[in-house]
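Just protein19.txt here, compact mmCIF, C-alpha atoms:
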```txt
# COMPACT_ATOMS: atom_id res chain seq x y z
CA MET A 1458 -20.86 288.88 251.44
CA PRO A 1459 -19.94 289.88 247.86
CA ALA A 1460 -16.78 288.34 246.41
CA VAL A 1461 -15.78 291.61 244.78
CA LYS A 1462 -14.46 294.00 247.42
CA ILE A 1463 -13.05 297.17 245.92
CA ALA A 1464 -9.96 298.61 247.59
CA ASP A 1465 -10.80 301.39 250.05
CA ARG A 1466 -8.72 303.92 248.10
CA PHE A 1467 -10.89 303.35 245.00
CA SER A 1468 -14.27 302.90 246.69
CA SER A 1469 -15.46 306.41 245.80
CA LEU A 1470 -13.86 306.53 242.35
CA GLN A 1471 -16.04 308.38 239.84
CA PRO A 1472 -15.63 309.25 236.15
CA SER A 1473 -14.33 312.76 235.47
CA SER A 1474 -16.48 315.46 233.91
CA MET A 1475 -14.52 314.81 230.70
CA ILE A 1476 -15.62 311.18 230.62
CA LYS A 1477 -19.21 312.19 231.41
CA ILE A 1478 -19.20 314.58 228.43
CA PHE A 1479 -17.73 311.85 226.20
CA GLN A 1480 -20.46 309.43 227.28
CA ALA A 1481 -23.28 311.92 226.80
CA ALA A 1482 -21.93 313.12 223.45
CA ALA A 1483 -21.86 309.56 222.11
CA ALA A 1484 -25.66 309.52 222.21
CA VAL A 1485 -26.12 312.80 220.28
CA GLU A 1486 -26.94 312.54 216.58
CA ASP A 1487 -25.36 314.99 214.14
CA LEU A 1488 -22.82 316.01 216.80
CA SER A 1489 -20.07 318.59 216.29
CA ASN A 1490 -17.47 316.94 218.50
CA LEU A 1491 -14.79 319.36 219.69
CA SER A 1492 -14.02 317.31 222.80
CA ILE A 1493 -11.62 314.62 221.56
CA GLY A 1494 -7.88 315.28 221.77
CA GLU A 1495 -7.06 312.92 218.94
CA PRO A 1496 -5.88 313.71 215.40
CA ASP A 1497 -8.60 313.21 212.82
CA PHE A 1498 -6.01 312.04 210.30
CA HIS A 1499 -5.44 308.31 209.89
CA THR A 1500 -1.98 306.81 210.29
CA GLU A 1501 -0.06 307.20 207.03
CA PRO A 1502 -0.24 304.07 204.81
CA GLY A 1503 3.55 303.84 204.65
CA ILE A 1504 3.71 303.40 208.43
CA VAL A 1505 1.01 300.72 208.32
CA ASN A 1506 2.82 298.94 205.51
CA ALA A 1507 6.11 299.00 207.40
CA ALA A 1508 4.46 297.33 210.40
CA ALA A 1509 2.73 294.77 208.17
CA LYS A 1510 5.99 293.99 206.37
CA ALA A 1511 7.71 293.41 209.71
CA ALA A 1512 4.95 291.02 210.74
CA LEU A 1513 5.21 289.05 207.50
CA GLU A 1514 8.98 288.79 208.01
CA GLY A 1515 8.49 287.19 211.41
CA CYS A 1516 8.85 290.15 213.78
CA THR A 1517 6.17 288.68 216.03
CA HIS A 1518 8.12 287.70 219.14
CA TYR A 1519 8.85 289.42 222.45
CA PRO A 1520 10.70 292.70 221.94
CA PRO A 1521 13.69 293.91 223.95
CA LEU A 1522 12.40 295.31 227.26
CA GLN A 1523 13.88 298.76 226.57
CA GLY A 1524 12.65 298.79 222.98
CA PHE A 1525 14.32 298.04 219.66
CA GLU A 1526 17.65 299.80 219.26
CA ASP A 1527 16.87 300.98 215.73
CA LEU A 1528 13.82 302.87 217.02
CA ARG A 1529 15.73 304.35 219.93
CA LYS A 1530 18.39 305.58 217.50
CA GLU A 1531 15.69 307.16 215.31
CA ILE A 1532 14.27 308.96 218.36
CA CYS A 1533 17.73 310.38 219.12
CA ALA A 1534 18.10 311.55 215.51
CA TYR A 1535 14.63 313.13 215.54
CA TRP A 1536 15.27 315.24 218.63
CA LYS A 1537 18.67 316.37 217.42
CA ARG A 1538 17.29 317.22 213.96
CA HIS A 1539 14.28 319.17 215.20
CA HIS A 1540 15.35 320.61 218.55
CA GLY A 1541 19.13 320.27 218.84
CA LEU A 1542 18.78 317.95 221.83
CA GLU A 1543 21.61 315.47 222.20
CA THR A 1544 20.63 312.13 223.74
CA GLU A 1545 21.67 308.48 223.51
CA PRO A 1546 19.72 305.29 222.75
CA GLU A 1547 20.61 304.02 226.25
CA SER A 1548 18.63 306.95 227.72
CA ILE A 1549 15.36 305.99 226.00
CA LEU A 1550 12.66 303.57 227.10
CA LEU A 1551 9.72 302.67 224.84
CA THR A 1552 6.41 302.60 226.70
CA VAL A 1553 2.74 301.86 226.13
CA GLY A 1554 1.85 305.43 225.30
CA GLY A 1555 3.24 308.44 227.11
CA LEU A 1556 0.94 307.60 230.02
CA GLN A 1557 2.94 304.53 231.00
CA ALA A 1558 6.15 306.56 230.94
CA ALA A 1559 4.75 309.00 233.50
CA HIS A 1560 3.28 306.22 235.64
CA LEU A 1561 6.58 304.33 235.76
CA CYS A 1562 8.43 307.50 236.74
CA PHE A 1563 6.09 308.21 239.66
CA GLN A 1564 6.13 304.56 240.69
CA ALA A 1565 9.93 304.48 240.66
CA MET A 1566 10.52 307.77 242.48
CA LEU A 1567 7.73 308.44 244.98
CA ASN A 1568 7.74 307.49 248.62
CA PRO A 1569 4.49 307.90 250.60
CA GLY A 1570 3.89 311.60 251.22
CA ASP A 1571 6.33 312.89 248.62
CA GLU A 1572 4.95 315.98 246.90
CA VAL A 1573 4.66 316.55 243.15
CA VAL A 1574 4.07 320.13 241.99
CA ILE A 1575 2.06 320.19 238.78
CA ALA A 1576 1.40 323.18 236.54
CA GLU A 1577 -2.36 323.62 236.18
CA PRO A 1578 -4.61 323.48 234.12
CA CYS A 1579 -3.21 320.14 233.05
CA PHE A 1580 -3.91 316.64 231.83
CA THR A 1581 -5.26 315.40 235.16
CA ALA A 1582 -4.28 311.77 234.64
CA TYR A 1583 -1.09 312.97 236.36
CA PHE A 1584 -3.10 313.67 239.52
CA GLN A 1585 -4.41 310.11 239.61
CA GLN A 1586 -1.01 308.59 238.84
CA VAL A 1587 0.72 310.54 241.62
CA GLU A 1588 -1.95 309.66 244.17
CA ASN A 1589 -2.07 305.99 243.13
CA ASN A 1590 1.67 305.81 243.75
CA GLY A 1591 1.50 307.30 247.24
CA GLY A 1592 2.41 310.88 246.33
CA VAL A 1593 0.69 314.15 247.14
CA VAL A 1594 -0.42 316.43 244.30
CA VAL A 1595 0.37 320.13 244.71
CA PRO A 1596 -1.38 322.01 241.87
CA VAL A 1597 0.25 325.30 240.88
CA PRO A 1598 -2.36 327.55 239.22
CA SER A 1599 -1.56 329.54 236.11
CA ARG A 1600 -2.96 332.75 234.66
CA GLU A 1601 -3.83 333.65 231.12
CA GLU A 1602 -1.53 336.70 231.13
CA ASN A 1603 1.43 334.31 231.58
CA GLY A 1604 0.41 332.11 228.66
CA PHE A 1605 -1.36 329.72 231.06
CA PHE A 1606 1.86 328.73 232.79
CA PRO A 1607 2.77 329.36 236.43
CA THR A 1608 5.70 331.72 236.90
CA ALA A 1609 8.95 330.60 238.45
CA GLU A 1610 7.86 332.50 241.57
CA ASP A 1611 4.60 330.51 241.64
CA PHE A 1612 6.56 327.26 241.59
CA GLU A 1613 8.98 328.60 244.20
CA LYS A 1614 6.11 329.28 246.61
CA ALA A 1615 4.72 325.77 246.11
CA VAL A 1616 7.97 323.95 246.95
CA THR A 1617 8.33 322.42 250.42
CA PRO A 1618 10.90 320.05 251.96
CA ARG A 1619 8.67 317.16 250.76
CA THR A 1620 8.68 318.24 247.10
CA LYS A 1621 10.41 315.73 244.84
CA ILE A 1622 9.07 316.18 241.28
CA LEU A 1623 7.88 319.12 239.17
CA VAL A 1624 5.58 318.39 236.20
CA ILE A 1625 5.27 320.69 233.20
CA ASN A 1626 3.61 320.21 229.80
CA SER A 1627 4.52 322.33 226.76
CA PRO A 1628 2.86 322.66 224.31
CA CYS A 1629 0.06 322.27 226.81
CA ASN A 1630 -3.08 320.18 226.95
CA PRO A 1631 -5.59 321.81 227.53
CA THR A 1632 -4.50 325.41 226.97
CA GLY A 1633 -2.31 325.23 223.87
CA GLY A 1634 0.28 327.29 225.76
CA VAL A 1635 3.95 327.13 224.74
CA LEU A 1636 6.75 327.91 227.18
CA THR A 1637 9.07 330.72 226.18
CA ARG A 1638 12.80 330.17 226.66
CA GLU A 1639 12.70 332.65 229.53
CA GLN A 1640 9.86 330.79 231.25
CA ALA A 1641 11.58 327.44 230.74
CA GLY A 1642 14.79 328.87 232.17
CA GLY A 1643 12.96 330.12 235.25
CA ILE A 1644 11.46 326.69 235.87
CA ALA A 1645 14.88 325.08 235.40
CA ASP A 1646 16.37 327.47 237.97
CA VAL A 1647 13.73 326.48 240.54
CA ALA A 1648 14.39 322.79 239.89
CA LYS A 1649 18.14 323.17 240.31
CA ARG A 1650 17.88 325.42 243.36
CA HIS A 1651 15.64 322.93 245.20
CA ASP A 1652 17.16 319.73 243.74
CA LEU A 1653 13.91 318.72 242.05
CA PHE A 1654 13.38 316.22 239.28
CA VAL A 1655 11.31 317.43 236.31
CA LEU A 1656 8.83 315.39 234.30
CA SER A 1657 8.45 317.33 231.07
CA ASP A 1658 5.57 316.19 228.87
CA GLU A 1659 6.45 317.27 225.33
CA ILE A 1660 4.06 315.04 223.37
CA TYR A 1661 2.83 318.02 221.28
CA GLU A 1662 6.32 319.31 220.39
CA ALA A 1663 5.65 319.10 216.64
CA PHE A 1664 2.77 321.59 216.76
CA ILE A 1665 4.11 325.10 217.40
CA TYR A 1666 2.58 328.25 215.87
CA ALA A 1667 4.20 330.99 217.96
CA GLY A 1668 7.69 330.80 219.41
CA LYS A 1669 9.87 327.71 219.39
CA HIS A 1670 9.80 324.46 221.32
CA VAL A 1671 12.33 324.44 224.17
CA PRO A 1672 13.10 320.95 225.51
CA LEU A 1673 13.65 321.28 229.28
CA ALA A 1674 16.43 318.70 229.05
CA SER A 1675 18.36 320.95 226.64
CA LEU A 1676 18.86 323.68 229.25
CA PRO A 1677 22.13 323.83 231.23
CA GLY A 1678 22.21 321.38 234.13
CA MET A 1679 18.80 319.89 233.30
CA LYS A 1680 19.50 316.71 231.33
CA GLU A 1681 20.45 314.78 234.46
CA ARG A 1682 17.30 315.88 236.30
CA THR A 1683 14.67 315.68 233.54
CA MET A 1684 12.53 312.93 232.08
CA THR A 1685 11.07 313.97 228.73
CA VAL A 1686 7.83 312.19 227.78
CA SER A 1687 6.81 312.00 224.14
CA GLY A 1688 5.44 309.60 221.57
CA PHE A 1689 3.77 309.11 218.22
CA SER A 1690 0.06 309.51 219.00
CA LYS A 1691 -0.21 313.19 218.11
CA SER A 1692 2.65 313.95 215.72
CA HIS A 1693 2.25 310.79 213.63
CA CYS A 1694 -1.49 310.11 214.17
CA MET A 1695 -0.82 306.80 215.94
CA THR A 1696 -3.09 307.01 219.00
CA GLY A 1697 -4.36 303.46 218.57
CA TRP A 1698 -0.86 302.01 218.29
CA ARG A 1699 -0.22 302.88 221.97
CA ILE A 1700 3.45 303.73 221.70
CA GLY A 1701 5.33 306.44 223.56
CA TYR A 1702 8.69 306.84 225.21
CA ALA A 1703 10.69 308.34 228.04
CA MET A 1704 14.09 310.02 227.73
CA ALA A 1705 15.64 309.98 231.19
CA PRO A 1706 18.79 309.43 233.26
CA ALA A 1707 20.05 305.85 233.24
CA GLU A 1708 19.55 305.28 236.98
CA LEU A 1709 15.83 306.06 236.65
CA LEU A 1710 15.34 304.04 233.46
CA LYS A 1711 16.93 301.00 235.11
CA VAL A 1712 14.19 300.91 237.74
CA MET A 1713 11.42 301.81 235.28
CA ILE A 1714 12.44 298.94 232.98
CA THR A 1715 12.37 296.48 235.88
CA LEU A 1716 8.94 297.70 236.98
CA SER A 1717 7.60 297.47 233.43
CA VAL A 1718 8.36 293.73 233.28
CA SER A 1719 5.40 292.94 235.58
CA GLN A 1720 3.11 295.33 233.69
CA THR A 1721 3.62 295.02 229.95
CA TYR A 1722 6.84 293.06 229.30
CA GLY A 1723 7.83 295.37 226.48
CA VAL A 1724 5.94 297.32 223.83
CA ASN A 1725 4.15 295.89 220.80
CA THR A 1726 6.79 294.86 218.26
CA LEU A 1727 4.85 295.95 215.17
CA ALA A 1728 4.03 299.36 216.65
CA GLN A 1729 7.76 299.85 217.21
CA LYS A 1730 8.61 298.96 213.62
CA GLY A 1731 5.93 301.32 212.33
CA ALA A 1732 7.22 304.07 214.62
CA ALA A 1733 10.82 303.66 213.41
CA PHE A 1734 9.63 304.04 209.81
CA ALA A 1735 7.55 307.08 210.81
CA LEU A 1736 10.50 308.94 212.31
CA ALA A 1737 12.77 308.13 209.41
CA THR A 1738 10.38 309.16 206.62
CA GLN A 1739 7.49 311.37 207.73
CA ASP A 1740 8.93 314.81 208.58
CA GLU A 1741 7.23 316.50 205.63
CA LYS A 1742 3.89 314.91 206.46
CA VAL A 1743 4.15 316.18 210.04
CA LYS A 1744 4.95 319.68 208.77
CA ALA A 1745 1.92 319.61 206.48
CA ARG A 1746 -0.35 318.59 209.35
CA THR A 1747 1.11 321.35 211.51
CA VAL A 1748 0.20 323.90 208.82
CA GLU A 1749 -3.33 322.48 208.73
CA TYR A 1750 -3.73 322.59 212.52
CA GLU A 1751 -2.51 326.17 212.63
CA LYS A 1752 -5.07 327.11 209.98
CA ARG A 1753 -7.79 325.46 212.06
CA VAL A 1754 -6.92 326.95 215.46
CA ARG A 1755 -6.49 330.45 214.05
CA TYR A 1756 -9.83 330.23 212.25
CA CYS A 1757 -11.65 329.01 215.36
CA ALA A 1758 -9.97 331.57 217.63
CA GLY A 1759 -11.06 334.33 215.28
CA ARG A 1760 -14.64 333.07 215.27
CA LEU A 1761 -14.75 332.64 219.05
CA ASN A 1762 -13.58 336.20 219.63
CA THR A 1763 -16.64 337.52 217.78
CA MET A 1764 -19.08 335.59 219.99
CA PRO A 1765 -20.83 337.33 222.90
CA GLY A 1766 -19.28 336.54 226.28
CA VAL A 1767 -16.32 334.62 224.81
CA THR A 1768 -12.65 335.61 224.56
CA CYS A 1769 -9.90 333.41 223.16
CA PRO A 1770 -6.14 334.00 223.36
CA GLU A 1771 -3.81 333.67 220.39
CA PRO A 1772 -3.19 330.02 219.47
CA ARG A 1773 0.42 329.06 220.22
CA GLY A 1774 0.68 325.28 220.06
CA ALA A 1775 -0.96 321.82 220.14
CA PHE A 1776 -4.42 321.67 218.54
CA TYR A 1777 -6.38 323.09 221.46
CA LEU A 1778 -8.05 326.38 222.29
CA PHE A 1779 -8.96 327.38 225.86
CA PRO A 1780 -11.41 330.27 225.55
CA ASP A 1781 -12.77 332.18 228.54
CA ILE A 1782 -16.56 331.76 228.57
CA SER A 1783 -17.25 333.45 231.91
CA GLY A 1784 -18.81 336.42 230.08
CA THR A 1785 -21.72 334.19 229.04
CA GLY A 1786 -22.99 334.14 232.63
CA ARG A 1787 -22.46 330.38 232.94
CA ASN A 1788 -19.67 328.49 234.65
CA ASP A 1789 -17.66 326.07 232.55
CA GLU A 1790 -19.64 322.95 233.57
CA GLU A 1791 -22.95 324.65 232.88
CA PHE A 1792 -21.70 326.03 229.59
CA ALA A 1793 -20.44 322.65 228.32
CA TRP A 1794 -23.73 320.88 229.08
CA TRP A 1795 -25.80 323.79 227.75
CA LEU A 1796 -23.81 323.83 224.50
CA LEU A 1797 -24.20 320.08 224.06
CA GLU A 1798 -27.97 320.31 224.53
CA LYS A 1799 -28.69 323.54 222.65
CA ALA A 1800 -26.14 323.44 219.84
CA LYS A 1801 -25.05 319.78 219.58
CA VAL A 1802 -21.45 320.89 220.12
CA ALA A 1803 -19.27 318.96 222.57
CA VAL A 1804 -16.49 320.77 224.48
CA ILE A 1805 -14.75 319.95 227.77
CA PRO A 1806 -15.25 322.07 230.93
CA GLY A 1807 -12.04 323.78 232.03
CA THR A 1808 -12.34 322.43 235.57
CA ALA A 1809 -11.83 318.91 234.16
CA PHE A 1810 -8.19 320.03 233.97
CA GLY A 1811 -7.96 321.39 237.51
CA ALA A 1812 -9.53 324.19 239.53
CA SER A 1813 -7.65 326.94 237.69
CA GLY A 1814 -9.44 325.95 234.48
CA ALA A 1815 -12.63 327.47 235.86
CA GLY A 1816 -14.43 329.79 233.47
CA HIS A 1817 -12.85 328.18 230.38
CA VAL A 1818 -13.60 325.28 228.07
CA ARG A 1819 -11.24 323.18 225.97
CA ILE A 1820 -11.88 323.04 222.26
CA ALA A 1821 -10.02 320.45 220.18
CA CYS A 1822 -9.65 321.54 216.57
CA THR A 1823 -9.52 317.95 215.36
CA LEU A 1824 -12.18 318.23 212.69
CA GLY A 1825 -11.81 319.34 209.09
CA MET A 1826 -12.46 322.97 208.19
CA ASP A 1827 -16.00 322.39 206.94
CA ASP A 1828 -16.96 320.66 210.18
CA LEU A 1829 -15.22 323.32 212.29
CA LYS A 1830 -17.17 326.01 210.44
CA LYS A 1831 -20.38 324.12 211.20
CA ALA A 1832 -19.45 323.87 214.89
CA MET A 1833 -18.57 327.56 215.12
CA ASP A 1834 -21.83 328.50 213.36
CA ARG A 1835 -23.77 326.42 215.86
CA MET A 1836 -22.00 327.99 218.82
CA GLU A 1837 -22.50 331.50 217.48
CA GLU A 1838 -26.19 330.90 216.85
CA ALA A 1839 -26.75 329.47 220.35
CA LEU A 1840 -24.92 332.34 222.02
CA SER A 1841 -26.79 334.95 220.00
CA ARG A 1842 -30.28 333.79 221.00
```

Re-express the file's structure as structure tokens.
Amino acid sequence: MPAVKIADRFSSLQPSSMIKIFQAAAAVEDLSNLSIGEPDFHTEPGIVNAAAKAALEGCTHYPPLQGFEDLRKEICAYWKRHHGLETEPESILLTVGGLQAAHLCFQAMLNPGDEVVIAEPCFTAYFQQVENNGGVVVPVPSREENGFFPTAEDFEKAVTPRTKILVINSPCNPTGGVLTREQAGGIADVAKRHDLFVLSDEIYEAFIYAGKHVPLASLPGMKERTMTVSGFSKSHCMTGWRIGYAMAPAELLKVMITLSVSQTYGVNTLAQKGAAFALATQDEKVKARTVEYEKRVRYCAGRLNTMPGVTCPEPRGAFYLFPDISGTGRNDEEFAWWLLEKAKVAVIPGTAFGASGAGHVRIACTLGMDDLKKAMDRMEEALSR
């Protein structure tokens, strides 16, 4: 008998189509890689130097479990400065990326069989986290005419007596959609009417090209029933630093902090010191990168809309595009593999983000303009053959 006996619930675990594309793309020479949702910019030297300085000064011991107070104060100042959201350092928990924040929330709140309604297409790590913590995923499909968000009525129909949490992500990965204030208000009304808690992933809040970011927690009656997830990976190009945070009611954070002790026992001290410096000093750098990303997504959207069988909506936020490729005669899986083989361009099939992503692909505009032009030229040539 083998010593390694995988748990029954993971016995059929398989990599997603996203991971399969990543693995295949890694073997392609001269690749135009539009699959990676990671900024191509390096972390600013000032942030690196701040972390190094802290290390040299002896900041190399266990951090406070909730995170350093100076960083939590900077997070409060950032959200008030940019979005008018009032919060307190006591309502913030530093986590190992935004992913740990979501995991801890589900772990703290879900009983077996509790339902979590999730706007789809979405970052499907949420699906796995909910299921691994005993919950039941209830995907709520969206439509392009609504900016790739479900309507309040769609959420209303999905709610049952077992529903406990509603998950929304704006600006959205993979669609680049941005909630309007009216849409956000409708979702808030559903949450209040059915006494639901909302996990609002706002990691891309810095990148808005149409409309304005509306924090769910800023709406009337929502602060006490919302956990906002954010971090530094996207806005401050700190993916490798693995630092995010949750802003949530104190009674939830108390349990999340206790659970985190057996998982990570705090967040890397030097990443926290770099992050505090980033929030205090880098607003203009973030604005400059936002201008650059807008230039990129608008260029690529314009190019895509001239290609046969492809239509792309107006870019609104994040650094993603989610074009409809159904007019090419291929489904999204077929299209992604065909494009990788024929054009050496890597994109992600829309169904990697849930069933309602069918007929679309995700394009990450995380290459410089010259490389994006090359990728668009390759796509156009392949589609014109």

Using all atoms listed in the file, which residues of range 1676-1710 of chain A come within 10 Å of range 1556-1564 of chain A, and what is the closest atom pair for each, with the distance in Å to one decimal? Give it as a tab-separated table, sorted by chain and residue number.
```
residue	atom	partner	partner_atom	distance
A:Met1684	CA	A:Cys1562	CA	8.2
A:Thr1685	CA	A:Ala1558	CA	9.2
A:Val1686	CA	A:Ala1558	CA	6.7
A:Ser1687	CA	A:Ala1558	CA	8.7
A:Gly1688	CA	A:Leu1556	CA	9.8
A:Arg1699	CA	A:Leu1556	CA	9.4
A:Ile1700	CA	A:Gln1557	CA	9.3
A:Gly1701	CA	A:Ala1558	CA	7.4
A:Tyr1702	CA	A:Ala1558	CA	6.3
A:Ala1703	CA	A:Ala1558	CA	5.7
A:Met1704	CA	A:Ala1558	CA	9.2
A:Ala1705	CA	A:Cys1562	CA	9.4
A:Leu1709	CA	A:Cys1562	CA	7.5
A:Leu1710	CA	A:Cys1562	CA	8.4
```

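Taking all atoms listed in the file into account, Glu1601 in chain A lies nearest to A:Thr1632 out of the set A:Thr1632, A:Asn1568, A:Ser1492, A:Thr1726.
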
Legend entry - Computed interatomic separation between CA of Ser1692 in chain A and CA of Gly1494 in chain A (Å): 12.2 Å

Do a neighbour search on Tyr1519 in chain A at 9 Å with all atoms listed in the file, toss out local chain neighbours closer than 4 positions, and write the hits as a PDB file with C-alpha atoms, keeping the file's coordinate frame.
```
ATOM      1  CA  TYR A1722       6.840 293.060 229.300  1.00  0.00           C
ATOM      2  CA  GLY A1723       7.830 295.370 226.480  1.00  0.00           C
ATOM      3  CA  VAL A1724       5.940 297.320 223.830  1.00  0.00           C
ATOM      4  CA  ASN A1725       4.150 295.890 220.800  1.00  0.00           C
ATOM      5  CA  THR A1726       6.790 294.860 218.260  1.00  0.00           C
TER       6      THR A1726
END
```

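Using only C-alpha atoms for every distance, the candidate list A:Thr1608, A:Asn1589, A:Thr1747, A:Ser1841 yields A:Thr1747 as the residue closest to Lys1691 in chain A.
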
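Proximity of A:Met1713, A:Ala1481, A:Ile1622, A:Cys1629 to Gly1604 in chain A, computed with all atoms listed in the file, is greatest for A:Cys1629.
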
Legend entry - Nearest-residue call for Ala1832 in chain A, choices A:Thr1785, A:Leu1488, A:Ser1813, A:Pro1569, using only C-alpha atoms: A:Leu1488

Legend entry - Sel. within 9 Å of pt (-6.0, 328.2, 236.3), counting all atoms listed in the file, output as number ranges by chain: A: 1576-1578, 1597-1601, 1605-1607, 1807-1808, 1810-1815

Legend entry - Residues within 12 Å of Ala1663 in chain A, all atoms listed in the file, excluding chain neighbours under 3 positions, as an MDAnalysis selection string: chainID A and resid 1535:1536 1539:1540 1627:1628 1635 1659:1660 1666 1669:1672 1687:1694 1739:1748 1750:1751 1773:1776

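Closest approach to Leu1829 in chain A among A:Leu1623, A:Ala1507, A:Val1754, A:Ile1782: A:Val1754, based on all atoms listed in the file.
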
Box dimensions and centre (Å, one decimal) enclosing range 1630-1636 of chain A, axis-aligned, 5 Å extra per side, as JSON:
```
{"center_x": 0.6, "center_y": 324.0, "center_z": 225.7, "size_x": 22.3, "size_y": 17.7, "size_z": 13.7}
```

Who sits within 6 Å of range 1764-1769 of chain A, all atoms listed in the file, same chain under 6 positions skipped, as a PDB file with C-alpha atoms, in the coordinates of the input:
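As a result, out24.pdb now contains:
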```
ATOM      1  CA  ALA A1758      -9.970 331.570 217.630  1.00  0.00           C
ATOM      2  CA  PRO A1780     -11.410 330.270 225.550  1.00  0.00           C
ATOM      3  CA  ASP A1781     -12.770 332.180 228.540  1.00  0.00           C
ATOM      4  CA  ILE A1782     -16.560 331.760 228.570  1.00  0.00           C
ATOM      5  CA  GLY A1784     -18.810 336.420 230.080  1.00  0.00           C
ATOM      6  CA  THR A1785     -21.720 334.190 229.040  1.00  0.00           C
ATOM      7  CA  GLU A1837     -22.500 331.500 217.480  1.00  0.00           C
TER       8      GLU A1837
END
```

Legend entry - For CA of Gln1720 in chain A and CA of Tyr1583 in chain A, the interatomic separation in Å (one decimal):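 Separation between CA of Gln1720 in chain A and CA of Tyr1583 in chain A: 18.3 Å.
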
Inset, instruction - Considering all atoms listed in the file, state which residue in the set A:Val1616, A:Lys1711, A:Glu1543, A:Asp1827 is at the smallest distance from Ser1675 in chain A. - result: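 Selected residue with least distance to Ser1675 in chain A: A:Glu1543.
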
Inset, instruction - Grab the CA of Val1655 in chain A to CA of Val1712 in chain A distance for me, in Å with one decimal place. - result: 16.8 Å

Legend entry - Expected answer as a PyMOL selection string: all residues with atoms within 6 Å of (-24.7, 323.0, 218.1), all atoms listed in the file: chain A and resi 1800-1802+1835-1836

Create the file for the chosen residues now, containing C-alpha atoms and written as a tab-separated table (two decimals), in the frame of the given file.
```tsv
chain	number	residue	atom	x	y	z
A	1800	ALA	CA	-26.14	323.44	219.84
A	1801	LYS	CA	-25.05	319.78	219.58
A	1802	VAL	CA	-21.45	320.89	220.12
A	1835	ARG	CA	-23.77	326.42	215.86
A	1836	MET	CA	-22.00	327.99	218.82
```

Inset, instruction - Find the residues around range 1469-1473 of chain A up to 10 Å (only C-alpha atoms counted), leave out those fewer than 4 positions away in its own chain, and share them as a list in words. - result: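 The neighbour list is Ile1463, Ala1464, Asp1465, Lys1477, Ile1478, Phe1479, Thr1581, Thr1808, Ala1809 and Phe1810 of chain A.
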